[in-house]
Each structure stands twice: as C-alpha cells, then as structure tokens.
$ cat data_7.txt   # compact mmCIF, N, CA and C atoms
# COMPACT_ATOMS: atom_id res chain seq x y z
N GLN A 1 3.27 -3.13 -20.83
CA GLN A 1 3.78 -3.48 -19.52
C GLN A 1 3.34 -2.43 -18.51
N VAL A 2 2.99 -2.88 -17.33
CA VAL A 2 2.54 -2.00 -16.27
C VAL A 2 3.68 -1.80 -15.27
N ARG A 3 3.85 -0.58 -14.85
CA ARG A 3 4.86 -0.29 -13.83
C ARG A 3 4.18 0.41 -12.67
N LEU A 4 4.50 -0.02 -11.45
CA LEU A 4 3.98 0.58 -10.23
C LEU A 4 5.13 1.25 -9.49
N GLU A 5 4.95 2.49 -9.11
CA GLU A 5 6.01 3.22 -8.41
C GLU A 5 5.48 3.76 -7.10
N GLU A 6 6.05 3.27 -6.01
CA GLU A 6 5.65 3.73 -4.68
C GLU A 6 6.49 4.92 -4.25
N SER A 7 5.92 5.73 -3.40
CA SER A 7 6.64 6.85 -2.80
C SER A 7 6.01 7.19 -1.47
N GLY A 8 6.74 7.96 -0.67
CA GLY A 8 6.19 8.45 0.60
C GLY A 8 6.72 7.78 1.84
N GLY A 9 7.55 6.75 1.67
CA GLY A 9 8.10 6.10 2.84
C GLY A 9 9.13 6.98 3.53
N GLY A 10 9.57 6.54 4.70
CA GLY A 10 10.57 7.31 5.42
C GLY A 10 10.70 6.87 6.86
N LEU A 11 11.41 7.68 7.62
CA LEU A 11 11.64 7.42 9.03
C LEU A 11 10.82 8.40 9.86
N VAL A 12 9.98 7.87 10.74
CA VAL A 12 9.16 8.71 11.60
C VAL A 12 9.22 8.16 13.03
N GLN A 13 8.71 8.96 13.94
CA GLN A 13 8.64 8.51 15.32
C GLN A 13 7.26 7.92 15.61
N SER A 14 7.21 7.12 16.63
CA SER A 14 5.96 6.50 17.03
C SER A 14 4.89 7.57 17.25
N GLY A 15 3.69 7.31 16.72
CA GLY A 15 2.58 8.25 16.83
C GLY A 15 2.43 9.20 15.66
N GLU A 16 3.43 9.27 14.82
CA GLU A 16 3.38 10.17 13.68
C GLU A 16 2.67 9.52 12.49
N SER A 17 2.56 10.27 11.40
CA SER A 17 1.82 9.80 10.22
C SER A 17 2.69 9.85 8.97
N LEU A 18 2.32 9.02 8.01
CA LEU A 18 2.91 9.03 6.69
C LEU A 18 1.81 8.74 5.68
N ARG A 19 2.02 9.21 4.45
CA ARG A 19 1.09 8.90 3.38
C ARG A 19 1.88 8.30 2.22
N LEU A 20 1.56 7.07 1.89
CA LEU A 20 2.19 6.40 0.76
C LEU A 20 1.35 6.58 -0.50
N SER A 21 2.04 6.65 -1.62
CA SER A 21 1.38 6.74 -2.92
C SER A 21 1.93 5.67 -3.84
N CYS A 22 1.08 5.17 -4.71
CA CYS A 22 1.49 4.19 -5.71
C CYS A 22 0.85 4.58 -7.02
N LYS A 23 1.68 4.92 -7.99
CA LYS A 23 1.17 5.36 -9.28
C LYS A 23 1.50 4.35 -10.35
N ALA A 24 0.50 4.00 -11.14
CA ALA A 24 0.69 3.05 -12.23
C ALA A 24 0.97 3.80 -13.51
N SER A 25 1.90 3.27 -14.29
CA SER A 25 2.20 3.85 -15.59
C SER A 25 2.37 2.73 -16.60
N GLY A 26 2.44 3.11 -17.86
CA GLY A 26 2.58 2.11 -18.91
C GLY A 26 1.24 1.89 -19.59
N ARG A 27 0.89 0.64 -19.72
CA ARG A 27 -0.37 0.29 -20.37
C ARG A 27 -1.53 0.97 -19.66
N ILE A 28 -2.37 1.64 -20.40
CA ILE A 28 -3.48 2.38 -19.81
C ILE A 28 -4.57 1.42 -19.40
N VAL A 29 -4.75 1.28 -18.09
CA VAL A 29 -5.72 0.34 -17.57
C VAL A 29 -6.40 0.91 -16.35
N SER A 30 -7.48 0.29 -16.01
CA SER A 30 -8.17 0.58 -14.75
C SER A 30 -8.19 -0.71 -13.98
N PHE A 31 -7.45 -0.75 -12.92
CA PHE A 31 -7.31 -1.98 -12.18
C PHE A 31 -8.57 -2.34 -11.40
N SER A 32 -8.81 -3.63 -11.30
CA SER A 32 -9.97 -4.08 -10.54
C SER A 32 -9.68 -4.12 -9.05
N HIS A 33 -8.42 -4.15 -8.71
CA HIS A 33 -8.03 -4.38 -7.32
C HIS A 33 -6.66 -3.75 -7.13
N MET A 34 -6.55 -2.90 -6.15
CA MET A 34 -5.25 -2.33 -5.79
C MET A 34 -5.08 -2.45 -4.29
N GLY A 35 -3.86 -2.58 -3.87
CA GLY A 35 -3.67 -2.74 -2.44
C GLY A 35 -2.24 -2.52 -2.00
N TRP A 36 -2.08 -2.58 -0.69
CA TRP A 36 -0.79 -2.45 -0.05
C TRP A 36 -0.51 -3.68 0.81
N TYR A 37 0.71 -4.16 0.72
CA TYR A 37 1.19 -5.26 1.53
C TYR A 37 2.51 -4.82 2.15
N ARG A 38 2.92 -5.50 3.18
CA ARG A 38 4.19 -5.14 3.80
C ARG A 38 4.94 -6.38 4.25
N GLN A 39 6.25 -6.23 4.33
CA GLN A 39 7.09 -7.34 4.77
C GLN A 39 8.17 -6.81 5.68
N ALA A 40 8.14 -7.29 6.90
CA ALA A 40 9.16 -6.94 7.88
C ALA A 40 10.28 -7.98 7.82
N PRO A 41 11.48 -7.64 8.26
CA PRO A 41 12.60 -8.59 8.23
C PRO A 41 12.25 -9.89 8.94
N GLY A 42 12.48 -11.00 8.27
CA GLY A 42 12.25 -12.30 8.87
C GLY A 42 10.79 -12.73 8.91
N LYS A 43 9.91 -11.94 8.32
CA LYS A 43 8.49 -12.27 8.35
C LYS A 43 7.94 -12.39 6.93
N GLN A 44 6.78 -13.04 6.83
CA GLN A 44 6.14 -13.16 5.53
C GLN A 44 5.45 -11.85 5.15
N ARG A 45 5.26 -11.69 3.86
CA ARG A 45 4.53 -10.52 3.38
C ARG A 45 3.08 -10.66 3.83
N GLU A 46 2.52 -9.55 4.30
CA GLU A 46 1.15 -9.58 4.82
C GLU A 46 0.31 -8.46 4.22
N LEU A 47 -0.99 -8.71 4.24
CA LEU A 47 -1.94 -7.71 3.75
C LEU A 47 -1.98 -6.53 4.70
N VAL A 48 -1.96 -5.33 4.11
CA VAL A 48 -2.19 -4.12 4.88
C VAL A 48 -3.58 -3.60 4.58
N ALA A 49 -3.86 -3.36 3.29
CA ALA A 49 -5.17 -2.85 2.90
C ALA A 49 -5.37 -3.06 1.41
N THR A 50 -6.62 -3.30 1.02
CA THR A 50 -6.95 -3.40 -0.39
C THR A 50 -8.22 -2.61 -0.68
N ILE A 51 -8.37 -2.26 -1.94
CA ILE A 51 -9.58 -1.57 -2.39
C ILE A 51 -9.94 -2.15 -3.75
N VAL A 52 -11.21 -2.52 -3.90
CA VAL A 52 -11.65 -3.16 -5.14
C VAL A 52 -12.54 -2.22 -5.94
N GLY A 53 -12.98 -2.72 -7.10
CA GLY A 53 -13.66 -1.87 -8.05
C GLY A 53 -14.79 -1.03 -7.51
N GLY A 54 -15.59 -1.61 -6.66
CA GLY A 54 -16.73 -0.86 -6.12
C GLY A 54 -16.37 0.06 -4.98
N GLY A 55 -15.11 0.10 -4.64
CA GLY A 55 -14.67 0.95 -3.54
C GLY A 55 -14.68 0.26 -2.19
N ILE A 56 -14.93 -1.03 -2.22
CA ILE A 56 -14.93 -1.79 -0.96
C ILE A 56 -13.49 -1.96 -0.48
N THR A 57 -13.29 -1.73 0.79
CA THR A 57 -11.94 -1.81 1.35
C THR A 57 -11.83 -2.95 2.36
N GLU A 58 -10.62 -3.41 2.52
CA GLU A 58 -10.33 -4.45 3.49
C GLU A 58 -9.01 -4.10 4.15
N TYR A 59 -8.90 -4.34 5.46
CA TYR A 59 -7.70 -3.99 6.19
C TYR A 59 -7.20 -5.16 7.02
N GLY A 60 -5.87 -5.21 7.19
CA GLY A 60 -5.31 -6.16 8.11
C GLY A 60 -5.71 -5.77 9.53
N GLU A 61 -5.84 -6.77 10.39
CA GLU A 61 -6.31 -6.51 11.75
C GLU A 61 -5.45 -5.50 12.49
N SER A 62 -4.16 -5.55 12.30
CA SER A 62 -3.25 -4.71 13.08
C SER A 62 -3.29 -3.24 12.67
N VAL A 63 -3.90 -2.93 11.53
CA VAL A 63 -3.91 -1.53 11.07
C VAL A 63 -5.30 -0.91 11.07
N LYS A 64 -6.31 -1.71 11.35
CA LYS A 64 -7.68 -1.19 11.35
C LYS A 64 -7.82 -0.01 12.31
N GLY A 65 -8.47 1.03 11.81
CA GLY A 65 -8.67 2.23 12.63
C GLY A 65 -7.53 3.22 12.57
N ARG A 66 -6.39 2.80 12.00
CA ARG A 66 -5.23 3.70 11.92
C ARG A 66 -4.86 4.02 10.47
N PHE A 67 -5.04 3.07 9.58
CA PHE A 67 -4.66 3.25 8.18
C PHE A 67 -5.93 3.39 7.33
N THR A 68 -5.80 4.17 6.24
CA THR A 68 -6.91 4.34 5.31
C THR A 68 -6.39 4.24 3.88
N ILE A 69 -7.01 3.38 3.10
CA ILE A 69 -6.64 3.24 1.69
C ILE A 69 -7.63 4.00 0.85
N SER A 70 -7.13 4.62 -0.22
CA SER A 70 -7.99 5.34 -1.15
C SER A 70 -7.34 5.31 -2.52
N ARG A 71 -8.06 5.77 -3.52
CA ARG A 71 -7.50 5.77 -4.88
C ARG A 71 -8.07 6.94 -5.65
N ASP A 72 -7.45 7.24 -6.78
CA ASP A 72 -7.95 8.34 -7.59
C ASP A 72 -9.08 7.83 -8.49
N LYS A 73 -9.74 8.76 -9.17
CA LYS A 73 -10.91 8.41 -9.97
C LYS A 73 -10.57 7.50 -11.14
N ALA A 74 -9.36 7.61 -11.65
CA ALA A 74 -8.96 6.78 -12.79
C ALA A 74 -8.55 5.38 -12.37
N HIS A 75 -8.51 5.13 -11.06
CA HIS A 75 -8.11 3.82 -10.52
C HIS A 75 -6.70 3.45 -10.93
N ARG A 76 -5.83 4.47 -11.02
CA ARG A 76 -4.45 4.19 -11.39
C ARG A 76 -3.47 4.60 -10.30
N THR A 77 -3.95 5.31 -9.31
CA THR A 77 -3.11 5.70 -8.18
C THR A 77 -3.83 5.31 -6.90
N VAL A 78 -3.09 4.67 -6.04
CA VAL A 78 -3.66 4.27 -4.75
C VAL A 78 -2.81 4.88 -3.63
N TYR A 79 -3.49 5.27 -2.58
CA TYR A 79 -2.84 5.92 -1.45
C TYR A 79 -3.04 5.11 -0.18
N LEU A 80 -2.13 5.28 0.74
CA LEU A 80 -2.28 4.68 2.06
C LEU A 80 -1.93 5.74 3.10
N GLN A 81 -2.95 6.23 3.78
CA GLN A 81 -2.73 7.17 4.87
C GLN A 81 -2.51 6.37 6.14
N MET A 82 -1.37 6.55 6.76
CA MET A 82 -1.00 5.80 7.95
C MET A 82 -0.88 6.75 9.12
N ASN A 83 -1.75 6.61 10.08
CA ASN A 83 -1.75 7.45 11.27
C ASN A 83 -1.36 6.63 12.50
N ASP A 84 -0.92 7.32 13.52
CA ASP A 84 -0.56 6.67 14.78
C ASP A 84 0.37 5.48 14.53
N LEU A 85 1.42 5.73 13.81
CA LEU A 85 2.35 4.66 13.47
C LEU A 85 3.04 4.12 14.70
N LYS A 86 3.32 2.82 14.66
CA LYS A 86 3.95 2.12 15.76
C LYS A 86 5.23 1.44 15.26
N PRO A 87 6.16 1.16 16.16
CA PRO A 87 7.40 0.48 15.72
C PRO A 87 7.11 -0.82 14.97
N GLU A 88 6.06 -1.52 15.34
CA GLU A 88 5.74 -2.79 14.66
C GLU A 88 5.22 -2.58 13.24
N ASP A 89 4.99 -1.33 12.84
CA ASP A 89 4.62 -1.05 11.45
C ASP A 89 5.84 -0.95 10.54
N THR A 90 7.02 -1.02 11.12
CA THR A 90 8.26 -0.95 10.35
C THR A 90 8.33 -2.12 9.38
N ALA A 91 8.50 -1.79 8.09
CA ALA A 91 8.52 -2.82 7.05
C ALA A 91 8.76 -2.16 5.70
N VAL A 92 8.97 -2.99 4.71
CA VAL A 92 8.92 -2.51 3.33
C VAL A 92 7.48 -2.66 2.86
N TYR A 93 6.93 -1.59 2.36
CA TYR A 93 5.54 -1.57 1.90
C TYR A 93 5.51 -1.68 0.39
N TYR A 94 4.72 -2.65 -0.08
CA TYR A 94 4.61 -2.92 -1.51
C TYR A 94 3.21 -2.62 -2.01
N CYS A 95 3.16 -2.04 -3.18
CA CYS A 95 1.89 -1.80 -3.86
C CYS A 95 1.62 -2.97 -4.80
N LYS A 96 0.37 -3.37 -4.88
CA LYS A 96 -0.04 -4.44 -5.78
C LYS A 96 -1.26 -3.98 -6.55
N ALA A 97 -1.28 -4.32 -7.84
CA ALA A 97 -2.44 -4.00 -8.67
C ALA A 97 -2.81 -5.24 -9.48
N VAL A 98 -4.09 -5.48 -9.58
CA VAL A 98 -4.58 -6.67 -10.27
C VAL A 98 -5.45 -6.25 -11.45
N LEU A 99 -5.17 -6.86 -12.58
CA LEU A 99 -5.94 -6.64 -13.80
C LEU A 99 -6.27 -8.01 -14.35
N SER A 100 -7.54 -8.35 -14.31
CA SER A 100 -7.98 -9.67 -14.76
C SER A 100 -7.21 -10.74 -13.99
N THR A 101 -6.42 -11.54 -14.67
CA THR A 101 -5.68 -12.61 -14.00
C THR A 101 -4.23 -12.25 -13.76
N SER A 102 -3.84 -11.02 -14.05
CA SER A 102 -2.45 -10.59 -13.88
C SER A 102 -2.30 -9.71 -12.65
N ALA A 103 -1.23 -9.97 -11.92
CA ALA A 103 -0.91 -9.16 -10.73
C ALA A 103 0.43 -8.47 -10.93
N PHE A 104 0.51 -7.22 -10.54
CA PHE A 104 1.72 -6.44 -10.69
C PHE A 104 2.13 -5.90 -9.32
N TRP A 105 3.44 -5.86 -9.10
CA TRP A 105 3.99 -5.38 -7.83
C TRP A 105 4.96 -4.24 -8.05
N GLY A 106 4.97 -3.31 -7.09
CA GLY A 106 5.98 -2.28 -7.10
C GLY A 106 7.25 -2.78 -6.44
N GLN A 107 8.26 -1.93 -6.43
CA GLN A 107 9.56 -2.30 -5.85
C GLN A 107 9.59 -2.17 -4.33
N GLY A 108 8.65 -1.45 -3.79
CA GLY A 108 8.57 -1.29 -2.34
C GLY A 108 9.15 0.02 -1.86
N THR A 109 8.64 0.47 -0.72
CA THR A 109 9.16 1.67 -0.07
C THR A 109 9.30 1.38 1.42
N GLN A 110 10.42 1.78 1.98
CA GLN A 110 10.72 1.47 3.37
C GLN A 110 10.00 2.45 4.31
N VAL A 111 9.36 1.88 5.29
CA VAL A 111 8.77 2.67 6.38
C VAL A 111 9.43 2.22 7.68
N THR A 112 10.02 3.16 8.39
CA THR A 112 10.67 2.84 9.65
C THR A 112 10.09 3.74 10.74
N VAL A 113 9.62 3.10 11.79
CA VAL A 113 9.01 3.84 12.91
C VAL A 113 9.87 3.61 14.15
N SER A 114 10.40 4.69 14.68
CA SER A 114 11.23 4.58 15.88
C SER A 114 10.38 4.81 17.13
N SER A 115 10.80 4.18 18.21
CA SER A 115 10.03 4.30 19.46
C SER A 115 10.48 5.49 20.28
$ encode --input "data_7.txt" --output "structure tokens"
Amino acid sequence: QVRLEESGGGLVQSGESLRLSCKASGRIVSFSHMGWYRQAPGKQRELVATIVGGGITEYGESVKGRFTISRDKAHRTVYLQMNDLKPEDTAVYYCKAVLSTSAFWGQGTQVTVSS
C-alpha cells in the first residue's frame, strides 16, 4: 500500500511564499506522474501542477509563473514552491501520485492566504 503525506501548509499573507512537500511511503515505487491539486470551499478540485517521468511539467493557468513543481531523484517526494500567494490560492492542497493504472491521494494540507 502506498501512503502520501503532505506538509508545509499554513496561514500566510498575500505576496508571501510557502513550500509544500509530499512524501510517499510504503511500497517502494517510482511514480510515473506526481502532482498537486487543490479544492477551495464550494469549488471542484482543480489541477495546480504535475510532473511526469521525463521531468515535463504542467501548470494550471492561475498559478503559472508563481508556482514551481519539483521532485527528488527517487521520484518519491514532490514539492510545490508557491510564491506571490494570493487570497484566491486559499484551498486544501492534495498530492496525487500515479503508478501504472493506480492513483493515490494524500489527505491534503490547508493553505490560507489573507489579504
């Protein structure tokens, strides 16, 4: 069984930065795809950023230029550097990892940005 544990969320003011981490434990694997999604109250879960095996990244339109996704060499930890945070970035941020046809989700970490 794979477990994903997010950390790094918190309360910040507009314009500040946070760095989220997601560490995989359990079955020793190298994921083909890892990413971050977020869900604000009353809204659907949306893509924030993903990174695939070759290191190709993809970002949601609203975070391009402000957020950066990266991972460690073992492909078991993924990071999200969030700069210039805005109140509209307030949400629960979830880590997702994909292995073959299986997808795993973390429990989420709250990010709150005050104006």
$ closest_residue --input "data_7.txt" --among "A:Leu4, A:Met34, A:Val12, A:Leu85" --to "Ser70 of chain A" --atoms "only C-alpha atoms"
A:Met34
$ select_by_dssp --input "data_7.txt" --residues "segment 33-103 of chain A" --states "helix (DSSP H, G or I)" --output "PDB file with N, CA and C atoms, in the frame of the given file"
ATOM      1  N   GLU A  61      -5.840  -6.770  10.390  1.00  0.00           N
ATOM      2  CA  GLU A  61      -6.310  -6.510  11.750  1.00  0.00           C
ATOM      3  C   GLU A  61      -5.450  -5.500  12.490  1.00  0.00           C
ATOM      4  N   SER A  62      -4.160  -5.550  12.300  1.00  0.00           N
ATOM      5  CA  SER A  62      -3.250  -4.710  13.080  1.00  0.00           C
ATOM      6  C   SER A  62      -3.290  -3.240  12.670  1.00  0.00           C
ATOM      7  N   VAL A  63      -3.900  -2.930  11.530  1.00  0.00           N
ATOM      8  CA  VAL A  63      -3.910  -1.530  11.070  1.00  0.00           C
ATOM      9  C   VAL A  63      -5.300  -0.910  11.070  1.00  0.00           C
ATOM     10  N   PRO A  87       6.160   1.160  16.160  1.00  0.00           N
ATOM     11  CA  PRO A  87       7.400   0.480  15.720  1.00  0.00           C
ATOM     12  C   PRO A  87       7.110  -0.820  14.970  1.00  0.00           C
ATOM     13  N   GLU A  88       6.060  -1.520  15.340  1.00  0.00           N
ATOM     14  CA  GLU A  88       5.740  -2.790  14.660  1.00  0.00           C
ATOM     15  C   GLU A  88       5.220  -2.580  13.240  1.00  0.00           C
ATOM     16  N   ASP A  89       4.990  -1.330  12.840  1.00  0.00           N
ATOM     17  CA  ASP A  89       4.620  -1.050  11.450  1.00  0.00           C
ATOM     18  C   ASP A  89       5.840  -0.950  10.540  1.00  0.00           C
TER      19      ASP A  89
END
$ closest_residue --input "data_7.txt" --among "A:Gly35, A:Ser14, A:Lys73, A:Lys86" --to "Glu58 of chain A" --atoms "only C-alpha atoms"
A:Gly35
$ closest_residue --input "data_7.txt" --among "A:Ser21, A:Gln110, A:Arg66, A:Leu47" --to "Asp84 of chain A" --atoms "all atoms listed in the file"
A:Arg66
$ closest_residue --input "data_7.txt" --among "A:Thr90, A:Thr101, A:Ser25, A:Gln39" --to "Arg76 of chain A" --atoms "only N, CA and C atoms"
A:Ser25
$ closest_residue --input "data_7.txt" --among "A:Leu11, A:Ala91, A:Val78, A:Val63" --to "His33 of chain A" --atoms "only C-alpha atoms"
A:Val78
$ axis_aligned_box --input "data_7.txt" --around "segment 23-42 of chain A" --padding-each-side "8 Å" --output "lines of an AutoDock Vina configuration file"
center_x = 1.3
center_y = -3.7
center_z = -5.7
size_x = 38.6
size_y = 34.1
size_z = 45.3
$ select_by_dssp --input "data_7.txt" --residues "chain A" --states "strand (DSSP E or B)" --output "PyMOL selection string"
chain A and resi 2-7+10-13+18-26+33-39+46-52+57-59+67-71+77-82+91-99+102-105+109-114
$ atom_distance --input "data_7.txt" --atom1 "atom C of Arg71 of chain A" --atom2 "atom N of Glu88 of chain A"
26.7 Å
$ residues_near_point --input "data_7.txt" --point "(0.8, 0.0, -22.8)" --cutoff "8 Å" --atoms "only C-alpha atoms" --output "number ranges by chain"
A: 1-2, 26-28
$ atom_distance --input "data_7.txt" --atom1 "atom C of Thr50 of chain A" --atom2 "atom CA of Gln13 of chain A"
25.8 Å
$ residues_near_point --input "data_7.txt" --point "(10.6, 2.6, 15.7)" --cutoff "5 Å" --atoms "all atoms listed in the file" --output "list in words"
Pro87, Val113, Ser114 and Ser115 of chain A
$ closest_residue --input "data_7.txt" --among "A:Gly53, A:Glu16, A:Ala40, A:Cys22" --to "Gly106 of chain A" --atoms "all atoms listed in the file"
A:Cys22
$ atom_distance --input "data_7.txt" --atom1 "atom CA of Lys43 of chain A" --atom2 "atom CA of Cys95 of chain A"
17.4 Å
$ residues_around --input "data_7.txt" --residues "Gly65 of chain A" --least-positions-apart "5" --cutoff "12 Å" --atoms "only C-alpha atoms" --output "number ranges by chain"
A: 48-49, 58-60, 81-85
$ decode --input "data_7.txt" --residues "segment 49-60 of chain A" --atoms "all heavy atoms" --output "PDB file, in the first residue's frame"
ATOM      1  N   ALA A  49      -0.400  21.655 -10.469  1.00  0.00           N
ATOM      2  CA  ALA A  49       0.820  21.368 -11.216  1.00  0.00           C
ATOM      3  C   ALA A  49       1.078  19.875 -11.219  1.00  0.00           C
ATOM      4  O   ALA A  49       0.733  19.190 -10.256  1.00  0.00           O
ATOM      5  CB  ALA A  49       2.017  22.092 -10.606  1.00  0.00           C
ATOM      6  N   THR A  50       1.665  19.384 -12.309  1.00  0.00           N
ATOM      7  CA  THR A  50       2.058  17.987 -12.379  1.00  0.00           C
ATOM      8  C   THR A  50       3.462  17.884 -12.962  1.00  0.00           C
ATOM      9  O   THR A  50       3.924  18.779 -13.672  1.00  0.00           O
ATOM     10  CB  THR A  50       1.105  17.165 -13.254  1.00  0.00           C
ATOM     11  OG1 THR A  50       1.119  17.696 -14.586  1.00  0.00           O
ATOM     12  CG2 THR A  50      -0.302  17.181 -12.719  1.00  0.00           C
ATOM     13  N   ILE A  51       4.091  16.756 -12.670  1.00  0.00           N
ATOM     14  CA  ILE A  51       5.406  16.469 -13.227  1.00  0.00           C
ATOM     15  C   ILE A  51       5.427  14.990 -13.585  1.00  0.00           C
ATOM     16  O   ILE A  51       5.010  14.139 -12.806  1.00  0.00           O
ATOM     17  CB  ILE A  51       6.538  16.846 -12.251  1.00  0.00           C
ATOM     18  CG1 ILE A  51       7.904  16.635 -12.903  1.00  0.00           C
ATOM     19  CG2 ILE A  51       6.417  16.101 -10.929  1.00  0.00           C
ATOM     20  CD1 ILE A  51       9.041  17.308 -12.119  1.00  0.00           C
ATOM     21  N   VAL A  52       5.868  14.696 -14.806  1.00  0.00           N
ATOM     22  CA  VAL A  52       5.856  13.317 -15.278  1.00  0.00           C
ATOM     23  C   VAL A  52       7.273  12.773 -15.370  1.00  0.00           C
ATOM     24  O   VAL A  52       8.240  13.483 -15.102  1.00  0.00           O
ATOM     25  CB  VAL A  52       5.139  13.205 -16.636  1.00  0.00           C
ATOM     26  CG1 VAL A  52       3.691  13.635 -16.495  1.00  0.00           C
ATOM     27  CG2 VAL A  52       5.856  13.999 -17.707  1.00  0.00           C
ATOM     28  N   GLY A  53       7.363  11.501 -15.784  1.00  0.00           N
ATOM     29  CA  GLY A  53       8.621  10.791 -15.733  1.00  0.00           C
ATOM     30  C   GLY A  53       9.817  11.504 -16.326  1.00  0.00           C
ATOM     31  O   GLY A  53      10.905  11.478 -15.775  1.00  0.00           O
ATOM     32  N   GLY A  54       9.618  12.135 -17.452  1.00  0.00           N
ATOM     33  CA  GLY A  54      10.739  12.813 -18.098  1.00  0.00           C
ATOM     34  C   GLY A  54      11.047  14.173 -17.522  1.00  0.00           C
ATOM     35  O   GLY A  54      11.968  14.855 -17.994  1.00  0.00           O
ATOM     36  N   GLY A  55      10.304  14.564 -16.519  1.00  0.00           N
ATOM     37  CA  GLY A  55      10.515  15.872 -15.913  1.00  0.00           C
ATOM     38  C   GLY A  55       9.683  16.971 -16.528  1.00  0.00           C
ATOM     39  O   GLY A  55       9.835  18.144 -16.186  1.00  0.00           O
ATOM     40  N   ILE A  56       8.789  16.583 -17.412  1.00  0.00           N
ATOM     41  CA  ILE A  56       7.915  17.582 -18.042  1.00  0.00           C
ATOM     42  C   ILE A  56       6.874  18.048 -17.029  1.00  0.00           C
ATOM     43  O   ILE A  56       6.275  17.237 -16.333  1.00  0.00           O
ATOM     44  CB  ILE A  56       7.227  16.985 -19.279  1.00  0.00           C
ATOM     45  CG1 ILE A  56       8.280  16.588 -20.319  1.00  0.00           C
ATOM     46  CG2 ILE A  56       6.229  17.973 -19.876  1.00  0.00           C
ATOM     47  CD1 ILE A  56       7.725  15.818 -21.482  1.00  0.00           C
ATOM     48  N   THR A  57       6.683  19.339 -16.973  1.00  0.00           N
ATOM     49  CA  THR A  57       5.750  19.910 -16.003  1.00  0.00           C
ATOM     50  C   THR A  57       4.567  20.565 -16.698  1.00  0.00           C
ATOM     51  O   THR A  57       4.646  20.973 -17.864  1.00  0.00           O
ATOM     52  CB  THR A  57       6.447  20.957 -15.121  1.00  0.00           C
ATOM     53  OG1 THR A  57       6.999  21.982 -15.962  1.00  0.00           O
ATOM     54  CG2 THR A  57       7.562  20.329 -14.308  1.00  0.00           C
ATOM     55  N   GLU A  58       3.485  20.639 -15.960  1.00  0.00           N
ATOM     56  CA  GLU A  58       2.284  21.300 -16.446  1.00  0.00           C
ATOM     57  C   GLU A  58       1.692  22.082 -15.288  1.00  0.00           C
ATOM     58  O   GLU A  58       1.697  21.592 -14.157  1.00  0.00           O
ATOM     59  CB  GLU A  58       1.269  20.274 -16.965  1.00  0.00           C
ATOM     60  CG  GLU A  58      -0.024  20.892 -17.466  1.00  0.00           C
ATOM     61  CD  GLU A  58      -1.033  19.843 -17.898  1.00  0.00           C
ATOM     62  OE1 GLU A  58      -0.727  18.635 -17.814  1.00  0.00           O
ATOM     63  OE2 GLU A  58      -2.145  20.226 -18.310  1.00  0.00           O
ATOM     64  N   TYR A  59       1.170  23.273 -15.572  1.00  0.00           N
ATOM     65  CA  TYR A  59       0.628  24.123 -14.519  1.00  0.00           C
ATOM     66  C   TYR A  59      -0.766  24.609 -14.878  1.00  0.00           C
ATOM     67  O   TYR A  59      -1.093  24.823 -16.046  1.00  0.00           O
ATOM     68  CB  TYR A  59       1.521  25.349 -14.304  1.00  0.00           C
ATOM     69  CG  TYR A  59       2.893  25.015 -13.769  1.00  0.00           C
ATOM     70  CD1 TYR A  59       3.959  24.788 -14.630  1.00  0.00           C
ATOM     71  CD2 TYR A  59       3.110  24.905 -12.396  1.00  0.00           C
ATOM     72  CE1 TYR A  59       5.212  24.459 -14.143  1.00  0.00           C
ATOM     73  CE2 TYR A  59       4.365  24.592 -11.898  1.00  0.00           C
ATOM     74  CZ  TYR A  59       5.413  24.369 -12.778  1.00  0.00           C
ATOM     75  OH  TYR A  59       6.651  24.050 -12.281  1.00  0.00           O
ATOM     76  N   GLY A  60      -1.575  24.809 -13.832  1.00  0.00           N
ATOM     77  CA  GLY A  60      -2.844  25.460 -14.037  1.00  0.00           C
ATOM     78  C   GLY A  60      -2.609  26.913 -14.422  1.00  0.00           C
ATOM     79  O   GLY A  60      -1.620  27.523 -13.992  1.00  0.00           O
TER      80      GLY A  60
END
